[in-house]
>>> print(open('run.pdb').read())   # PDB, C-alpha atoms and all ligand atoms
MODEL        1
ATOM      1  CA  MET A   1      23.547   6.722  19.006
ATOM      2  CA  SER A   2      21.253   4.127  17.508
ATOM      3  CA  LEU A   3      18.414   4.929  15.148
ATOM      4  CA  LEU A   4      15.926   4.134  17.883
ATOM      5  CA  SER A   5      17.521   6.440  20.454
ATOM      6  CA  ASP A   6      17.737   9.202  17.790
ATOM      7  CA  ILE A   7      14.019   8.756  17.163
ATOM      8  CA  LEU A   8      13.117   8.824  20.854
ATOM      9  CA  THR A   9      15.277  11.879  21.569
ATOM     10  CA  PHE A  10      13.855  13.783  18.598
ATOM     11  CA  ASN A  11      10.341  12.784  19.570
ATOM     12  CA  LYS A  12      10.615  14.289  23.058
ATOM     13  CA  GLU A  13      11.630  17.630  21.495
ATOM     14  CA  PHE A  14       8.919  17.353  18.834
ATOM     15  CA  VAL A  15       6.175  16.972  21.399
ATOM     16  CA  ALA A  16       7.648  19.515  23.827
ATOM     17  CA  ASN A  17       7.852  22.139  21.044
ATOM     18  CA  GLN A  18       4.290  21.373  19.928
ATOM     19  CA  ALA A  19       5.637  20.636  16.444
ATOM     20  CA  TYR A  20       2.568  18.410  15.989
ATOM     21  CA  LEU A  21       0.239  21.410  15.667
ATOM     22  CA  PRO A  22       0.400  21.673  11.839
ATOM     23  CA  TYR A  23      -0.575  17.990  11.607
ATOM     24  CA  GLN A  24      -3.644  18.036  13.794
ATOM     25  CA  THR A  25      -6.799  17.044  11.975
ATOM     26  CA  GLU A  26     -10.539  17.507  12.341
ATOM     27  CA  SER A  27     -11.106  13.834  13.105
ATOM     28  CA  LYS A  28      -9.826  10.343  12.390
ATOM     29  CA  PHE A  29     -11.986  10.254   9.255
ATOM     30  CA  PRO A  30     -10.370  11.173   5.924
ATOM     31  CA  GLU A  31     -11.298  14.758   4.981
ATOM     32  CA  LYS A  32     -11.318  13.860   1.269
ATOM     33  CA  ASN A  33     -13.246  10.642   1.926
ATOM     34  CA  VAL A  34     -10.735   8.477   0.132
ATOM     35  CA  VAL A  35      -8.657   5.410   0.930
ATOM     36  CA  MET A  36      -5.498   4.640  -1.043
ATOM     37  CA  VAL A  37      -3.449   1.466  -1.451
ATOM     38  CA  THR A  38       0.139   2.228  -2.399
ATOM     39  CA  CYS A  39       3.694   0.884  -2.157
ATOM     40  CA  MET A  40       5.975   1.036   0.876
ATOM     41  CA  ASP A  41       8.769   2.480  -1.318
ATOM     42  CA  ALA A  42      10.745   5.047   0.718
ATOM     43  CA  ARG A  43      10.696   7.540  -2.174
ATOM     44  CA  LEU A  44       6.921   7.783  -1.848
ATOM     45  CA  VAL A  45       6.738   8.641   1.868
ATOM     46  CA  GLU A  46       6.016  12.330   1.252
ATOM     47  CA  LEU A  47       5.999  12.509  -2.546
ATOM     48  CA  SER A  48       2.917  10.319  -2.946
ATOM     49  CA  GLN A  49       0.884  12.671  -0.768
ATOM     50  CA  LYS A  50       2.283  16.039  -1.895
ATOM     51  CA  SER A  51       2.042  15.299  -5.611
ATOM     52  CA  LEU A  52      -1.640  14.338  -5.217
ATOM     53  CA  ASN A  53      -2.413  17.370  -3.021
ATOM     54  CA  LEU A  54      -3.231  15.104  -0.082
ATOM     55  CA  SER A  55      -2.366  16.492   3.336
ATOM     56  CA  ASN A  56      -2.345  14.946   6.770
ATOM     57  CA  GLY A  57      -5.924  13.965   7.590
ATOM     58  CA  ASP A  58      -7.105  13.853   3.963
ATOM     59  CA  VAL A  59      -6.697  10.170   3.156
ATOM     60  CA  LYS A  60      -6.440   6.682   4.629
ATOM     61  CA  VAL A  61      -3.287   5.001   3.327
ATOM     62  CA  ILE A  62      -2.650   1.251   3.182
ATOM     63  CA  LYS A  63       0.906   0.376   2.226
ATOM     64  CA  ASN A  64       2.700  -2.815   1.351
ATOM     65  CA  ALA A  65       5.370  -4.063  -1.027
ATOM     66  CA  GLY A  66       4.170  -3.232  -4.524
ATOM     67  CA  ALA A  67       0.657  -1.969  -3.611
ATOM     68  CA  VAL A  68      -0.378  -5.532  -4.352
ATOM     69  CA  ILE A  69      -3.686  -6.985  -3.181
ATOM     70  CA  SER A  70      -2.571 -10.581  -3.138
ATOM     71  CA  HIS A  71      -5.689 -12.122  -1.674
ATOM     72  CA  PRO A  72      -9.387 -11.134  -1.939
ATOM     73  CA  PHE A  73      -9.763 -11.891   1.783
ATOM     74  CA  GLY A  74      -6.341 -10.734   2.960
ATOM     75  CA  SER A  75      -5.459  -7.812   5.203
ATOM     76  CA  VAL A  76      -5.466  -5.135   2.466
ATOM     77  CA  MET A  77      -8.992  -6.011   1.429
ATOM     78  CA  ARG A  78     -10.068  -6.098   5.079
ATOM     79  CA  SER A  79      -8.668  -2.575   5.552
ATOM     80  CA  LEU A  80     -10.511  -1.351   2.437
ATOM     81  CA  ILE A  81     -13.767  -2.843   3.674
ATOM     82  CA  VAL A  82     -13.406  -1.234   7.111
ATOM     83  CA  ALA A  83     -12.452   2.105   5.497
ATOM     84  CA  VAL A  84     -15.510   2.076   3.225
ATOM     85  CA  TYR A  85     -18.110   0.933   5.751
ATOM     86  CA  GLU A  86     -16.864   2.492   8.990
ATOM     87  CA  LEU A  87     -14.342   5.228   8.213
ATOM     88  CA  LYS A  88     -16.148   7.340   5.635
ATOM     89  CA  ALA A  89     -14.082   6.425   2.584
ATOM     90  CA  ASP A  90     -16.300   6.882  -0.477
ATOM     91  CA  GLU A  91     -13.621   6.338  -3.118
ATOM     92  CA  ILE A  92     -10.691   3.947  -3.492
ATOM     93  CA  ILE A  93      -7.350   4.611  -5.202
ATOM     94  CA  ILE A  94      -4.884   1.830  -6.047
ATOM     95  CA  MET A  95      -1.538   3.467  -6.858
ATOM     96  CA  GLY A  96       1.475   1.471  -8.022
ATOM     97  CA  HIS A  97       4.701   3.105  -9.158
ATOM     98  CA  LYS A  98       7.337   2.807 -11.856
ATOM     99  CA  ASP A  99      10.663   1.174 -10.943
ATOM    100  CA  CYS A 100       9.024  -0.860  -8.155
ATOM    101  CA  GLY A 101      11.083  -3.398  -6.229
ATOM    102  CA  MET A 102       8.215  -5.859  -6.549
ATOM    103  CA  SER A 103       8.452  -5.934 -10.321
ATOM    104  CA  GLN A 104      10.396  -8.960 -11.426
ATOM    105  CA  VAL A 105      11.229 -10.157  -7.938
ATOM    106  CA  ASP A 106      13.844 -12.904  -8.021
ATOM    107  CA  THR A 107      12.284 -15.423  -5.649
ATOM    108  CA  THR A 108      15.266 -17.801  -5.992
ATOM    109  CA  SER A 109      17.563 -15.019  -4.820
ATOM    110  CA  ILE A 110      15.312 -14.273  -1.813
ATOM    111  CA  ALA A 111      15.342 -17.957  -0.830
ATOM    112  CA  GLN A 112      19.142 -17.979  -1.186
ATOM    113  CA  HIS A 113      19.413 -14.878   1.032
ATOM    114  CA  MET A 114      17.170 -16.548   3.619
ATOM    115  CA  ILE A 115      19.557 -19.498   3.793
ATOM    116  CA  GLU A 116      22.579 -17.160   4.054
ATOM    117  CA  ARG A 117      20.858 -15.361   6.946
ATOM    118  CA  GLY A 118      20.233 -18.532   8.901
ATOM    119  CA  VAL A 119      16.900 -19.921   7.694
ATOM    120  CA  SER A 120      17.325 -23.683   7.430
ATOM    121  CA  GLU A 121      16.832 -25.455   4.108
ATOM    122  CA  LYS A 122      14.836 -28.031   6.049
ATOM    123  CA  ASP A 123      12.298 -25.358   7.077
ATOM    124  CA  LEU A 124      12.015 -24.112   3.506
ATOM    125  CA  LYS A 125      11.345 -27.686   2.340
ATOM    126  CA  MET A 126       8.801 -28.164   5.116
ATOM    127  CA  LEU A 127       6.833 -25.160   3.846
ATOM    128  CA  GLN A 128       6.532 -26.893   0.504
ATOM    129  CA  TYR A 129       5.100 -29.996   2.158
ATOM    130  CA  ALA A 130       2.674 -27.748   4.087
ATOM    131  CA  GLY A 131       1.388 -26.487   0.747
ATOM    132  CA  VAL A 132       3.055 -23.047   0.858
ATOM    133  CA  ASN A 133       4.434 -22.166  -2.549
ATOM    134  CA  LEU A 134       7.179 -19.710  -1.644
ATOM    135  CA  ASP A 135       7.639 -18.668  -5.279
ATOM    136  CA  SER A 136       4.079 -17.552  -5.855
ATOM    137  CA  TRP A 137       3.788 -16.079  -2.342
ATOM    138  CA  LEU A 138       6.858 -13.860  -2.757
ATOM    139  CA  ASN A 139       6.274 -13.117  -6.394
ATOM    140  CA  GLY A 140       5.423  -9.558  -7.404
ATOM    141  CA  PHE A 141       4.497  -8.554 -10.931
ATOM    142  CA  GLU A 142       6.129  -7.949 -14.292
ATOM    143  CA  ASP A 143       4.098  -4.939 -15.365
ATOM    144  CA  VAL A 144       2.886  -2.384 -12.807
ATOM    145  CA  PHE A 145       0.092  -1.186 -15.125
ATOM    146  CA  GLU A 146      -1.256  -4.751 -15.372
ATOM    147  CA  SER A 147      -0.906  -5.241 -11.624
ATOM    148  CA  VAL A 148      -2.846  -2.042 -10.809
ATOM    149  CA  SER A 149      -5.503  -2.870 -13.363
ATOM    150  CA  HIS A 150      -5.873  -6.401 -11.933
ATOM    151  CA  ASP A 151      -6.165  -5.075  -8.366
ATOM    152  CA  VAL A 152      -8.728  -2.439  -9.375
ATOM    153  CA  SER A 153     -10.826  -5.119 -10.998
ATOM    154  CA  MET A 154     -10.563  -7.381  -7.923
ATOM    155  CA  VAL A 155     -11.727  -4.561  -5.638
ATOM    156  CA  GLN A 156     -14.417  -3.370  -8.040
ATOM    157  CA  ASN A 157     -15.887  -6.871  -8.221
ATOM    158  CA  HIS A 158     -15.446  -7.807  -4.574
ATOM    159  CA  PRO A 159     -18.657  -9.365  -3.251
ATOM    160  CA  LEU A 160     -18.424  -7.537   0.101
ATOM    161  CA  LEU A 161     -17.995  -4.026  -1.304
ATOM    162  CA  PRO A 162     -20.874  -1.821  -2.450
ATOM    163  CA  LYS A 163     -21.129  -1.336  -6.212
ATOM    164  CA  ASP A 164     -21.298   2.483  -6.047
ATOM    165  CA  VAL A 165     -17.694   3.031  -4.850
ATOM    166  CA  PRO A 166     -15.401   4.330  -7.606
ATOM    167  CA  VAL A 167     -12.099   2.431  -7.722
ATOM    168  CA  HIS A 168      -9.334   4.367  -9.480
ATOM    169  CA  GLY A 169      -6.014   2.986 -10.719
ATOM    170  CA  LEU A 170      -2.883   5.143 -10.910
ATOM    171  CA  VAL A 171       0.842   4.663 -11.513
ATOM    172  CA  ILE A 172       3.206   7.277 -10.080
ATOM    173  CA  ASN A 173       6.730   8.142 -11.157
ATOM    174  CA  PRO A 174       8.772   7.916  -7.921
ATOM    175  CA  GLU A 175      11.166  10.662  -9.041
ATOM    176  CA  THR A 176       8.823  13.347 -10.368
ATOM    177  CA  GLY A 177       5.462  12.408  -8.863
ATOM    178  CA  ALA A 178       3.935  12.388 -12.363
ATOM    179  CA  LEU A 179       0.805  10.235 -12.538
ATOM    180  CA  SER A 180      -0.419   7.921 -15.254
ATOM    181  CA  LEU A 181      -4.121   7.167 -15.169
ATOM    182  CA  VAL A 182      -4.755   3.433 -15.465
ATOM    183  CA  VAL A 183      -8.435   3.260 -14.493
ATOM    184  CA  ASP A 184     -10.926   6.108 -14.058
ATOM    185  CA  GLY A 185     -13.325   4.640 -11.506
ATOM    186  CA  TYR A 186     -16.101   7.083 -12.440
ATOM    187  CA  GLU A 187     -16.044   5.810 -16.013
ATOM    188  CA  THR A 188     -16.191   2.190 -14.811
ATOM    189  CA  LEU A 189     -19.267   2.985 -12.721
ATOM    190  CA  LYS A 190     -20.979   4.590 -15.726
ATOM    191  CA  GLY A 191     -20.484   1.194 -17.433
TER     192      GLY A 191
HETATM  193 ZN    ZN B 201       7.250  -0.335  -4.925
ENDMDL
END
>>> encode(input="run.pdb", output="structure tokens", more="lines below")
Ligand SMILES: [Zn+2]
Amino acid sequence: MSLLSDILTFNKEFVANQAYLPYQTESKFPEKNVVMVTCMDARLVELSQKSLNLSNGDVKVIKNAGAVISHPFGSVMRSLIVAVYELKADEIIIMGHKDCGMSQVDTTSIAQHMIERGVSEKDLKMLQYAGVNLDSWLNGFEDVFESVSHDVSMVQNHPLLPKDVPVHGLVINPETGALSLVVDGYETLKG
């Protein structure tokens, strides 16, 4: 059995047994009126919600590698803007985590792995000529606290977001769920 066939078989049972009932929500809007950017780390799948007392339907979640907002007009920022203006998110949380795979990413090693897996060196060189700097594109961060703080500031000062939305910064421990507060968005709003 492949992973996909396992998933499809389980899913038929899940729906037939109405196992979805505990997850049904009032609406598509987040009950706690919050949108969160966090990391795709597998340890956070349930932990990041449970340890913050966020249930299904409470929060919009945007995930990527490292909870990094790499571009002020990239897809993460677009999702935040849609969440705030159209999906009833009144607060924003940026939550990185300790021991993140995106801290101290070895971009040389990734490029080497690409070549081992069949990407041609010629294509990698061509990207350089096209102005794509693979190193800075793949690069993560050295310090998760700095990364979260930088992202909070980028969101807080984004020209297309209203100035009355609190933007909080958190770092979670992926083993215990313990949070460190990096930025209290209410305090920032008070000035
Ligand atoms: Zn991570």
>>> closest_atom_pairs(input="run.pdb", of="chain A", to="ligand ZN 201 (chain B)", cutoff="8 Å", atoms="only C-alpha atoms and all ligand atoms", output="tab-separated table")
residue	atom	partner	partner_atom	distance
A:Thr38	CA	B:ZN201	ZN	8.0
A:Cys39	CA	B:ZN201	ZN	4.7
A:Met40	CA	B:ZN201	ZN	6.1
A:Asp41	CA	B:ZN201	ZN	4.8
A:Ala65	CA	B:ZN201	ZN	5.7
A:Gly66	CA	B:ZN201	ZN	4.2
A:Ala67	CA	B:ZN201	ZN	6.9
A:Gly96	CA	B:ZN201	ZN	6.8
A:His97	CA	B:ZN201	ZN	6.0
A:Lys98	CA	B:ZN201	ZN	7.6
A:Asp99	CA	B:ZN201	ZN	7.1
A:Cys100	CA	B:ZN201	ZN	3.7
A:Gly101	CA	B:ZN201	ZN	5.1
A:Met102	CA	B:ZN201	ZN	5.8
A:Ser103	CA	B:ZN201	ZN	7.9
>>> axis_aligned_box(input="run.pdb", around="stretch 156-173 of chain A", padding_each_side="3 Å", output="JSON")
{"center_x": -7.3, "center_y": -0.6, "center_z": -5.7, "size_x": 34.0, "size_y": 23.5, "size_z": 17.6}
>>> closest_residue(input="run.pdb", among="A:Ile62, A:Met95, A:Met126, A:Leu138", to="A:Gly169", atoms="all atoms listed in the file")
A:Met95
>>> resolve_selection(input="run.pdb", expression="the PyMOL selection byres (((chain A and resi 16-32) around 10) and not hetatm)", output="list in words")
Phe10, Asn11, Lys12, Glu13, Phe14, Val15, Asn33, Val34, Val35, Leu54, Ser55, Asn56, Gly57, Asp58, Val59, Lys60, Val61, Ala83, Glu86, Leu87, Lys88, Ala89, Asp90 and Glu91 of chain A
>>> atom_distance(input="run.pdb", atom1="atom CA of A:Phe145", atom2="atom CA of A:Asp184")
13.3 Å
>>> residues_around(input="run.pdb", residues="stretch 178-183 of chain A", least_positions_apart="3", cutoff="9 Å", atoms="only C-alpha atoms", output="ChimeraX atom specification")
/A:51-52,97,145-146,148-149,152,167-175,186-188
>>> write_last_selection(input="run.pdb", atoms="C-alpha atoms", output="CSV table (one decimal), in the frame of the given file")
chain,number,residue,atom,x,y,z
A,51,SER,CA,2.0,15.3,-5.6
A,52,LEU,CA,-1.6,14.3,-5.2
A,97,HIS,CA,4.7,3.1,-9.2
A,145,PHE,CA,0.1,-1.2,-15.1
A,146,GLU,CA,-1.3,-4.8,-15.4
A,148,VAL,CA,-2.8,-2.0,-10.8
A,149,SER,CA,-5.5,-2.9,-13.4
A,152,VAL,CA,-8.7,-2.4,-9.4
A,167,VAL,CA,-12.1,2.4,-7.7
A,168,HIS,CA,-9.3,4.4,-9.5
A,169,GLY,CA,-6.0,3.0,-10.7
A,170,LEU,CA,-2.9,5.1,-10.9
A,171,VAL,CA,0.8,4.7,-11.5
A,172,ILE,CA,3.2,7.3,-10.1
A,173,ASN,CA,6.7,8.1,-11.2
A,174,PRO,CA,8.8,7.9,-7.9
A,175,GLU,CA,11.2,10.7,-9.0
A,186,TYR,CA,-16.1,7.1,-12.4
A,187,GLU,CA,-16.0,5.8,-16.0
A,188,THR,CA,-16.2,2.2,-14.8
>>> atom_distance(input="run.pdb", atom1="atom CA of A:Glu142", atom2="atom CA of A:Thr107")
13.0 Å
>>> build_atoms(input="run.pdb", residues="stretch 88-109 of chain A", atoms="N, CA, C and O atoms", output="short mmCIF file (atom, residue, chain, number, x, y, z; two decimals), in the frame of the given file")
data_model
loop_
_atom_site.label_atom_id
_atom_site.label_comp_id
_atom_site.auth_asym_id
_atom_site.auth_seq_id
_atom_site.Cartn_x
_atom_site.Cartn_y
_atom_site.Cartn_z
N LYS A 88 -15.73 6.28 6.54
CA LYS A 88 -16.15 7.34 5.64
C LYS A 88 -15.31 7.48 4.36
O LYS A 88 -15.15 8.59 3.85
N ALA A 89 -14.76 6.38 3.89
CA ALA A 89 -14.08 6.42 2.58
C ALA A 89 -15.11 6.11 1.51
O ALA A 89 -15.73 5.05 1.52
N ASP A 90 -15.31 7.07 0.58
CA ASP A 90 -16.30 6.88 -0.48
C ASP A 90 -15.66 6.54 -1.82
O ASP A 90 -16.35 6.24 -2.79
N GLU A 91 -14.32 6.66 -1.88
CA GLU A 91 -13.62 6.34 -3.12
C GLU A 91 -12.36 5.57 -2.77
O GLU A 91 -11.80 5.74 -1.67
N ILE A 92 -11.90 4.75 -3.70
CA ILE A 92 -10.69 3.95 -3.49
C ILE A 92 -9.69 4.25 -4.61
O ILE A 92 -10.07 4.35 -5.77
N ILE A 93 -8.43 4.44 -4.21
CA ILE A 93 -7.35 4.61 -5.20
C ILE A 93 -6.33 3.49 -4.99
O ILE A 93 -5.88 3.26 -3.87
N ILE A 94 -5.99 2.79 -6.08
CA ILE A 94 -4.88 1.83 -6.05
C ILE A 94 -3.75 2.48 -6.83
O ILE A 94 -3.92 2.78 -8.02
N MET A 95 -2.63 2.75 -6.18
CA MET A 95 -1.54 3.47 -6.86
C MET A 95 -0.22 2.69 -6.78
O MET A 95 0.43 2.64 -5.75
N GLY A 96 0.15 2.09 -7.90
CA GLY A 96 1.48 1.47 -8.02
C GLY A 96 2.47 2.53 -8.47
O GLY A 96 2.13 3.70 -8.63
N HIS A 97 3.72 2.13 -8.67
CA HIS A 97 4.70 3.10 -9.16
C HIS A 97 5.71 2.45 -10.09
O HIS A 97 5.93 1.23 -10.04
N LYS A 98 6.29 3.29 -10.94
CA LYS A 98 7.34 2.81 -11.86
C LYS A 98 8.56 2.43 -11.04
O LYS A 98 8.75 2.92 -9.93
N ASP A 99 9.41 1.57 -11.59
CA ASP A 99 10.66 1.17 -10.94
C ASP A 99 10.42 0.57 -9.55
O ASP A 99 11.13 0.87 -8.59
N CYS A 100 9.38 -0.26 -9.45
CA CYS A 100 9.02 -0.86 -8.15
C CYS A 100 9.86 -2.10 -7.88
O CYS A 100 10.09 -2.92 -8.77
N GLY A 101 10.30 -2.24 -6.64
CA GLY A 101 11.08 -3.40 -6.23
C GLY A 101 10.33 -4.71 -6.37
O GLY A 101 10.93 -5.79 -6.43
N MET A 102 9.00 -4.63 -6.44
CA MET A 102 8.22 -5.86 -6.55
C MET A 102 8.01 -6.30 -8.00
O MET A 102 7.36 -7.30 -8.26
N SER A 103 8.54 -5.48 -8.94
CA SER A 103 8.45 -5.93 -10.32
C SER A 103 9.65 -6.84 -10.56
O SER A 103 10.78 -6.52 -10.20
N GLN A 104 9.37 -7.96 -11.13
CA GLN A 104 10.40 -8.96 -11.43
C GLN A 104 11.24 -9.31 -10.20
O GLN A 104 12.47 -9.26 -10.23
N VAL A 105 10.55 -9.67 -9.14
CA VAL A 105 11.23 -10.16 -7.94
C VAL A 105 11.89 -11.50 -8.25
O VAL A 105 11.28 -12.36 -8.88
N ASP A 106 13.14 -11.65 -7.82
CA ASP A 106 13.84 -12.90 -8.02
C ASP A 106 13.64 -13.77 -6.77
O ASP A 106 14.36 -13.63 -5.79
N THR A 107 12.64 -14.65 -6.84
CA THR A 107 12.28 -15.42 -5.65
C THR A 107 13.39 -16.42 -5.27
O THR A 107 13.58 -16.73 -4.10
N THR A 108 14.15 -16.89 -6.28
CA THR A 108 15.27 -17.80 -5.99
C THR A 108 16.32 -17.07 -5.17
O THR A 108 16.89 -17.62 -4.23
N SER A 109 16.56 -15.80 -5.54
CA SER A 109 17.56 -15.02 -4.82
C SER A 109 17.11 -14.76 -3.37
O SER A 109 17.93 -14.82 -2.44
#
